[in-house]
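One structure is given below, encoded as structure tokens.
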Amino acid sequence: MAKKIGIFLLICSMIFVYSCTNKGKKQSGKKQIISIAGSTSVMPFIEKLAEYFMIQNPKFIVDVQGGGSTAGIQACLNNTVDLGMSSRKLKEGERLNEIIVCYDGISIVVHPDNPINELSLEQVRAIFSGKIKNWKELGWNDRRIDAITREEGSGTRGSFEDLVMKGVEIDDSIMVQDSNGSVKEIVATDPYAIGYISLGLVDKRVKALTIDGVAPTVSSIKTGSYKIMRPFLLLSNGDPDDNVREFIEFVLSKQGQELLRKEGLIGSYE
Amino acid sequence: MNERASIKEGVVKTVLTTFALSSLLFLFLIFIFILIEGSPLFLKVGLKNIILGSKWAPTKGSFGIFPMIISSFLVTFGALIIGAPLGLSCAIYLSEYSGKRLKMILKPALELLAGIPSVVYGFLGVIYIVPLVRDHLGGSGFSLISTSIILAIMILPTIISISFDSIMSVPKTYREGSYAMGATKWQTIYKIVVPSARSGILASFILGMGRAIGETMAVIMIAGNALKIPMSITDPLRTLTGNIALELAYATGDHRLGLFSTGIVLLVIIMALNYIANFGIKRRS
Amino acid sequence: MRINPRFIDSLMKLSLNIQAFFTVGVLVVIVAIILIKGIGNINLEFIFSFPEDMGRHGGIYPTIIGTIMLAILSIIFATPLGVGTAIFLTEYTKESMLTKIIRFGVESLAGIPSILYGLFGFIFFVIKLKMGWSILSGVLTITIMILPTIIRTSEEAIKAVPKNVRIVSFSLGATKWETVTKVVLPSAAPGILTGIMLSIGRVVGETAAVIFTMGSSLRLPTSIMDSGRTMAVHFYILAREGISMEKAYATALILVFSILLINIVAYYIMNRVISKYS
């Protein structure tokens with residue numbers, strides 16, 4: 001019995017090793033792998049572009065992973081990936097090639113049932129710094145505000161701190177989630193929640209607030225009247241090689257930018 | 001021929017010894033690497049400022065994890081308060097009241113509860129328990145109470161299975177002696193059976209605690225992860241495990257070291273709990 | 001006034017009844033919810049097609065392959081190590097300081113929560129050994145994680161083999177190793193298999209230790225150096241990011257029922273062993 005199991009496991013492992021090395025060989029012989037990692041805000045859009053890119057250029061495999069802006073920048077500096085993704089501007093000392101893929105607004109979102117449509121930047125800051133804790137203070141029900149922020153190290157949080165908080169600390173009693181998607185999920189299910197997510201992800205399940213009289217739309221970001229926006233970057237360490245350049249060219253091409261615009265982002269050439 | 005056989009025996013023994021020592025090697029590696037990564041920060045910032053510090057802002061140089069230690073214990077005790085009586089009752093019911101056939105079905109069924117992945121518990125918690133708490137108790141629903149409920153369900157199999165085994169190992173003669181003296185079934189259970197199985201039952205609670213304090217994915221889905229110590233059962237909180245899982249992928253430099261020091265604290269707590277539980281089990285046998 | 005002890009007796013019996021069935025009810029409800037919400041979205045296409053748009057459409061084929069690769073490879077590594085350790089502990093030494101230390105090591109490994117395995121795998125395999133987020137990093141981390149289960153179940157199974165079987169084998173002139181491989185292991189095999197099945201169940205449902213070592217690339221893995229996503233990780237991402245509730249429930253259904261099936265097989269094997277020896 002033990003022998004049979006042993007033989008079975010041996011055969012399994014042989015088949016596995018064989019299939020792995022075999023496929024691996026085929027791949028490395030024919031296909032070029034472009035590895036990309038970084039910001040979870042940028043990831044869904046690059047992944048979408050990669051899907052189209054791979055259909056048009058079957059000789060490439062584009063491997064897109066999350067990890068966060070900071071991890072993406074680090075991975076790029078260590079050359080563990082071909083391209084990094086970042087949703088915040090580079091800090092001093094992070095010497096990499098920046099390719100601006102597009103711009104993205106950060107929208108302050110609430111539940112669709114929330115009657116409030118507009119807040120001032122000052123009020124948003126007060127909510128996230130813990131000064132305003134109750135919806136009553138903003139003219140709604142007497143109910144605690146369930147504010148949600150992103151975790152330390154997130155590019156979206158970094159931009160939010162720069163553009164909205166402006167040096168004021170985010171309060172400790174505020175909930176923390178580790179992706180745009182999970183912030184949106186809570187806001188979409190909790191009528192008393194408020195959070196901030198990428199404009200590209202806003203749909204009818206959440207309501208984006210008008211801030212200081214300006215609604216977050218593609219045109220208001222394009223004209224610069226909606227102030228809470230950040231670039232989506234692809235990063236390369238030194239000059240990218242030909243394969244990687246081909247992907248970058250696709251991203252910046254008319255077709256690539258059109259795909260991004262459909263997702264609610266603002267093209268880099270506009 | 002005989003010599004060859006004994007050489008073969010020698011080789012086999014060496015290989016098996018190496019295999020057996022590999023577990024120790026792995027344990028050693030885990031300790032060393034978590035320690036190496038986390039301890040420089042203890043030296044740099046100071047043990048006191050990490051363990052008793054109340055502010056966690058790793059990108060700004062504050063590494064206090066005191067609120068998370070408290071929160072971890074709060075959810076764990078919450079889970080125990082809900083889960084321990086239920087689990088113990090189940091174990092007593094299974095061992096003393098249920099028929100043999102029912103026992104054959106119920107015990108494995110309850111143990112299967114342990115096989116359901118923690119992400120599934122977390123997901124169901126978010127879908128069903130969080131809105132319930134939000135509508136009836138207030139707050140966002142991502143809270144101490146929701147997390148405790150889900151953790152209580154998750155530790156039930158551990159508590160039931162180990163308590164059941166220790167109750168079953170109480171000799172039949174104890175029960176017979178009690179009945180002979182005219183005690184009712186409940187009096188026998190309450191006065192004789194449970195006290196005799198005490199150390200095993202206690203061990204089951206402590207192992208349940210170990211599981212609750214180490215649980216991660218379900219917790220970050222339901223706990224809300226706010227950094228403050230919760231002031232009421234409807235407040236959100238962040239546990240030690242949640243802190244690691246939320247930020248590990250993003251962290252670099254001192255921030256990453258901070259997460260590894262969180263890991264060290266967690267490791268110390270878990271080892272202490274396991275040691276206590278093992279001590280309890282050993283004393284019984 | 002003294003309350004009749006018989007009354008308390010029946011009261012307690014009722015209360016225990018209620019609590020026991022409440023607990024079982026929770027299990028039934030959990031499984032039922034997943035079954036009812038997931039069943040409508042399951043078909044062969046869901047299992048065998050690739051996810052599109054991050055999993056919003058299409059199937060979960062690459063995550064099934066990722067899960068199978070992770071489970072089989074870690075079992076291949078952990079089984080010889082675990083069974084070898086168990087043989088050493090039961091057949092090759094007497095109780096000594098060394099076996100006590102090894103047992104302590106195994107117990108401690110069993111108690112470490114999976115997030116700490118993830119933390120260790122991340123720093124050791126992914127970063128220090130430069131394996132990156134890959135199936136290999138995941139497999140090595142998971143191997144260490146399931147080792148205690150395999151050691152403990154194998155040890156129990158080997159111990160359950162009656163002593164006189166060995167004595168007969170020795171008296172026929174067999175060496176120790178021959179006795180172990182030809183006599184002891186075949187009798188202990190079903191018990192060992194139970195441990196292996198339970199470990200597979202744990203691997204399939206694991207998230208925390210996998211996500212930080214194996215990464216979460218949705219591509220079909222083609223070698224063990226590729227990053228990959230298991231079903232459990234895929235489910236976590238689908239549910240947490242709110243990508244698609246239908247797909248999340250469908251994935252949960254496949255996930256939970258494959259684990260239940262694996263565990264039921266494990267218990268079935270174990271029960272047969274128990275009834276054989278008693």
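Each chain in the structure tokens gets a letter, A, B and so on, in the order shown; residues start at 1 in every chain, and ligands are counted from 1 in the order they appear.
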> Contacts of Ile146 in chain C at 8 Å or less, counting only C-alpha atoms, minus same-chain residues fewer than 6 places along, as a list of chain:residue names?
Replying inline: C:Ala78, C:Ser199, C:Arg202, C:Val203
For the contact check between chain A and chain B, emit one row per residue of chain A within 12 Å, containing the shortest atom pair and the distance in Å rounded to one decimal, counting only C-alpha atoms, chain then rising number order, as a tab-separated table.
```
residue	atom	partner	partner_atom	distance
A:Ala37	CA	B:Ala249	CA	11.2
A:Gly38	CA	B:Tyr250	CA	8.8
A:Ser39	CA	B:Tyr250	CA	8.9
A:Thr40	CA	B:Tyr250	CA	10.0
A:Gln65	CA	B:Ala249	CA	11.2
A:Gly66	CA	B:Ala249	CA	8.5
A:Gly67	CA	B:Ala249	CA	5.0
A:Gly68	CA	B:Tyr250	CA	5.0
A:Ser69	CA	B:Tyr250	CA	7.1
A:Thr70	CA	B:Tyr250	CA	5.8
A:Ala71	CA	B:Tyr250	CA	5.3
A:Gly72	CA	B:Tyr250	CA	8.5
A:Ile73	CA	B:Thr252	CA	10.1
A:Gln74	CA	B:Thr252	CA	8.0
A:Ala75	CA	B:Thr252	CA	10.6
A:Ser86	CA	B:Tyr250	CA	11.6
A:Gly130	CA	B:Lys228	CA	11.9
A:Lys133	CA	B:Gly139	CA	11.5
A:Asn134	CA	B:Gly139	CA	11.0
A:Asp142	CA	B:Gly138	CA	11.3
A:Arg143	CA	B:Gly139	CA	8.1
A:Arg144	CA	B:Gly139	CA	6.5
A:Ile145	CA	B:Ser140	CA	8.3
A:Asp146	CA	B:Ser140	CA	5.8
A:Ala147	CA	B:Ser140	CA	9.1
A:Ile148	CA	B:Gly224	CA	8.5
A:Thr149	CA	B:Ala226	CA	9.1
A:Arg150	CA	B:Leu246	CA	9.7
A:Glu151	CA	B:Glu247	CA	6.6
A:Glu152	CA	B:Glu247	CA	6.8
A:Gly153	CA	B:Tyr250	CA	5.5
A:Ser154	CA	B:Tyr250	CA	6.9
A:Gly155	CA	B:Tyr250	CA	9.5
A:Arg157	CA	B:Tyr250	CA	11.9
A:Gly158	CA	B:Thr59	CA	10.6
A:Gly167	CA	B:Lys60	CA	11.8
A:Glu169	CA	B:Ala57	CA	9.9
A:Ile170	CA	B:Ala57	CA	10.1
A:Asp171	CA	B:Leu227	CA	8.6
A:Asp172	CA	B:Leu227	CA	4.9
A:Ser173	CA	B:Lys228	CA	5.0
A:Ile174	CA	B:Ala226	CA	5.2
A:Met175	CA	B:Ala226	CA	4.2
A:Val176	CA	B:Asn225	CA	5.1
A:Gln177	CA	B:Asn225	CA	7.0
A:Asp178	CA	B:Leu246	CA	5.9
A:Ser179	CA	B:Leu246	CA	9.4
A:Ser182	CA	B:Met221	CA	8.8
A:Val183	CA	B:Gly224	CA	10.4
A:Glu185	CA	B:Val126	CA	10.1
A:Ile186	CA	B:Ser140	CA	9.0
A:Val187	CA	B:Ser140	CA	10.1
A:Thr189	CA	B:Pro131	CA	8.2
A:Asp190	CA	B:Ser140	CA	6.8
A:Pro191	CA	B:Ser140	CA	8.9
A:Tyr192	CA	B:Ser140	CA	7.4
A:Ala193	CA	B:Ser140	CA	7.5
A:Ile194	CA	B:Ser140	CA	10.8
```
List as CSV every residue of chain B that is in contact with chain C, defined as an atom at most 8 Å from one of its atoms (using only C-alpha atoms), together with the nearest atom pair and the distance in Å rounded to one decimal, sorted by chain and then rising number.
```
residue,atom,partner,partner_atom,distance
B:Ala5,CA,C:Thr175,CA,7.5
B:Glu9,CA,C:Trp177,CA,6.5
B:Val12,CA,C:Trp177,CA,7.4
B:Lys13,CA,C:Tyr92,CA,7.2
B:Leu16,CA,C:Gly84,CA,5.4
B:Thr17,CA,C:Phe88,CA,6.4
B:Phe19,CA,C:Leu81,CA,5.4
B:Ala20,CA,C:Thr85,CA,4.2
B:Leu21,CA,C:Ile102,CA,6.8
B:Ser22,CA,C:Leu81,CA,7.9
B:Ser23,CA,C:Val106,CA,6.3
B:Leu24,CA,C:Gly105,CA,5.3
B:Phe26,CA,C:Ile144,CA,7.0
B:Leu27,CA,C:Leu109,CA,6.3
B:Ile30,CA,C:Phe120,CA,5.8
B:Phe33,CA,C:Phe120,CA,6.7
B:Ile34,CA,C:Phe120,CA,6.4
B:Leu86,CA,C:Gln19,CA,6.2
B:Ser89,CA,C:Leu16,CA,5.6
B:Cys90,CA,C:Ala20,CA,4.6
B:Ile92,CA,C:Leu16,CA,7.7
B:Tyr93,CA,C:Leu16,CA,5.8
B:Leu94,CA,C:Ala20,CA,8.0
B:Tyr97,CA,C:Lys13,CA,7.8
B:Leu106,CA,C:Val24,CA,7.6
B:Pro108,CA,C:Tyr267,CA,7.5
B:Ala109,CA,C:Val24,CA,7.7
B:Leu110,CA,C:Val24,CA,6.7
B:Leu112,CA,C:Leu260,CA,6.7
B:Leu113,CA,C:Leu27,CA,6.2
B:Gly115,CA,C:Ile259,CA,6.6
B:Ile116,CA,C:Val256,CA,6.0
B:Pro117,CA,C:Gly205,CA,4.6
B:Ser118,CA,C:Gly205,CA,7.5
B:Val119,CA,C:Tyr236,CA,6.1
B:Val120,CA,C:Ala252,CA,6.9
B:Phe123,CA,C:Ala239,CA,6.7
B:Leu124,CA,C:Ile30,CA,7.9
B:Thr184,CA,C:Asp9,CA,6.8
B:Lys185,CA,C:Asp9,CA,6.6
B:Trp186,CA,C:Asp9,CA,5.1
B:Gln187,CA,C:Asp9,CA,7.6
B:Gly210,CA,C:Gly111,CA,7.5
B:Arg211,CA,C:Pro113,CA,7.3
B:Gly214,CA,C:Pro113,CA,4.9
B:Glu215,CA,C:Pro113,CA,6.9
B:Thr216,CA,C:Ile115,CA,6.6
B:Met217,CA,C:Ala208,CA,6.4
B:Met221,CA,C:Arg240,CA,7.2
B:Thr241,CA,C:Ile115,CA,6.8
B:Ile244,CA,C:Ile115,CA,7.8
B:Ala245,CA,C:Ile115,CA,7.3
B:Ala249,CA,C:Phe212,CA,7.3
B:Phe260,CA,C:Leu119,CA,7.7
B:Gly263,CA,C:Leu116,CA,6.7
B:Leu267,CA,C:Ile112,CA,7.3
B:Ile270,CA,C:Ile112,CA,6.9
B:Met271,CA,C:Ser108,CA,7.0
B:Asn274,CA,C:Gly111,CA,6.6
```
> Quick one: of C:Ala266, C:Met214, C:Leu44, C:Ile254, who's nearest to Met231 in chain C, counting only C-alpha atoms?
Replying inline: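 Answer, going by the shortest atom-to-atom distance: C:Ile254.
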Pull the closest atom pair for each residue of range 97-184 of chain A that gets at most 9 Å from range 241-252 of chain A, along with the distance in Å to one decimal, counting only C-alpha atoms, ordering rows by chain and then ascending residue number, as CSV.
```
residue,atom,partner,partner_atom,distance
A:Ile99,CA,A:Ile248,CA,8.3
A:Ile100,CA,A:Leu252,CA,8.8
A:Val101,CA,A:Leu252,CA,6.7
A:Cys102,CA,A:Leu252,CA,8.8
```
>> Based on the backbone DSSP call, show me all residues of range 110-244 of chain A assigned strand (DSSP E or B), as JSON, numbers by chain.
In response: {"A": [110, 118, 119, 134, 144, 146, 147, 148, 149, 150, 175, 176, 177, 193, 194, 195, 196, 197, 198, 207, 208, 210, 211, 214, 229, 230, 231, 232, 233, 234, 235, 236]}
>> I want to know what sits within 9 Å of Glu47 in chain A, based on only C-alpha atoms, with residues of the same chain fewer than 5 positions away left out; could you give that as a PyMOL selection string?
In response: (chain A and resi 42+52+62-65) or (chain C and resi 53-54)
Go ahead and write the residues just picked, C-alpha atoms, as a compact mmCIF listing (two decimals), in the first residue's frame.
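Output contents, as saved in selection-v7.txt:
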```txt
# COMPACT_ATOMS: atom_id res chain seq x y z
CA VAL A 42 -3.17 51.49 -11.12
CA TYR A 52 -5.67 43.91 -25.06
CA VAL A 62 2.42 40.69 -19.40
CA ASP A 63 2.48 39.73 -15.73
CA VAL A 64 0.72 42.37 -13.62
CA GLN A 65 0.77 42.25 -9.82
CA ASP C 53 -11.62 41.72 -16.29
CA MET C 54 -9.99 40.66 -12.98
```
>> Would you mind listing, as a ChimeraX atom specification, all residues of chain C that have at least one atom within 6 Å of chain A, where only C-alpha atoms are what counts?
In response: /C:186,189,217,222-223,240-242
Any chance you could export the current selection's N, CA, C and O atoms as a PDB file, in the first residue's frame?
```pdb
ATOM      1  N   PRO C 186       2.806  -0.360   5.650  1.00  0.00           N
ATOM      2  CA  PRO C 186       1.559  -0.760   4.976  1.00  0.00           C
ATOM      3  C   PRO C 186       0.360  -0.750   5.917  1.00  0.00           C
ATOM      4  O   PRO C 186      -0.733  -0.331   5.520  1.00  0.00           O
ATOM      5  N   ALA C 189      -0.557   2.887   6.609  1.00  0.00           N
ATOM      6  CA  ALA C 189      -0.805   3.741   5.440  1.00  0.00           C
ATOM      7  C   ALA C 189      -2.128   4.497   5.472  1.00  0.00           C
ATOM      8  O   ALA C 189      -2.149   5.704   5.201  1.00  0.00           O
ATOM      9  N   SER C 217      -0.873  36.739  -8.959  1.00  0.00           N
ATOM     10  CA  SER C 217      -1.014  36.879 -10.404  1.00  0.00           C
ATOM     11  C   SER C 217      -2.089  35.928 -10.918  1.00  0.00           C
ATOM     12  O   SER C 217      -2.127  34.760 -10.544  1.00  0.00           O
ATOM     13  N   THR C 222       3.059  28.636 -15.472  1.00  0.00           N
ATOM     14  CA  THR C 222       3.656  27.667 -16.387  1.00  0.00           C
ATOM     15  C   THR C 222       4.909  27.036 -15.804  1.00  0.00           C
ATOM     16  O   THR C 222       5.385  26.044 -16.305  1.00  0.00           O
ATOM     17  N   SER C 223       5.479  27.641 -14.762  1.00  0.00           N
ATOM     18  CA  SER C 223       6.597  26.982 -14.093  1.00  0.00           C
ATOM     19  C   SER C 223       6.506  27.301 -12.614  1.00  0.00           C
ATOM     20  O   SER C 223       5.720  28.161 -12.207  1.00  0.00           O
ATOM     21  N   ARG C 240     -13.427  40.876  -1.219  1.00  0.00           N
ATOM     22  CA  ARG C 240     -12.987  42.070  -0.516  1.00  0.00           C
ATOM     23  C   ARG C 240     -13.045  43.302  -1.397  1.00  0.00           C
ATOM     24  O   ARG C 240     -13.367  44.386  -0.946  1.00  0.00           O
ATOM     25  N   GLU C 241     -12.689  43.132  -2.665  1.00  0.00           N
ATOM     26  CA  GLU C 241     -12.689  44.271  -3.565  1.00  0.00           C
ATOM     27  C   GLU C 241     -14.072  44.483  -4.166  1.00  0.00           C
ATOM     28  O   GLU C 241     -14.257  45.382  -4.969  1.00  0.00           O
ATOM     29  N   GLY C 242     -15.005  43.613  -3.812  1.00  0.00           N
ATOM     30  CA  GLY C 242     -16.351  43.745  -4.354  1.00  0.00           C
ATOM     31  C   GLY C 242     -16.379  43.652  -5.869  1.00  0.00           C
ATOM     32  O   GLY C 242     -17.152  44.329  -6.532  1.00  0.00           O
TER      33      GLY C 242
END
```
> Near range 266-268 of chain A, within 12 Å and counting only C-alpha atoms, which residues show up once chain neighbours fewer than 6 positions away are dropped, as a ChimeraX atom specification?
Replying inline: /A:99-105,198-200,216-224,229-233,251-260
>> For the alpha helix (DSSP H) assignment from backbone DSSP, which residues of range 39-169 of chain B qualify? Please present them as a ChimeraX atom specification.
In response: /B:39-45,47-51,66-92,100-112,118-124,130-137,144-168
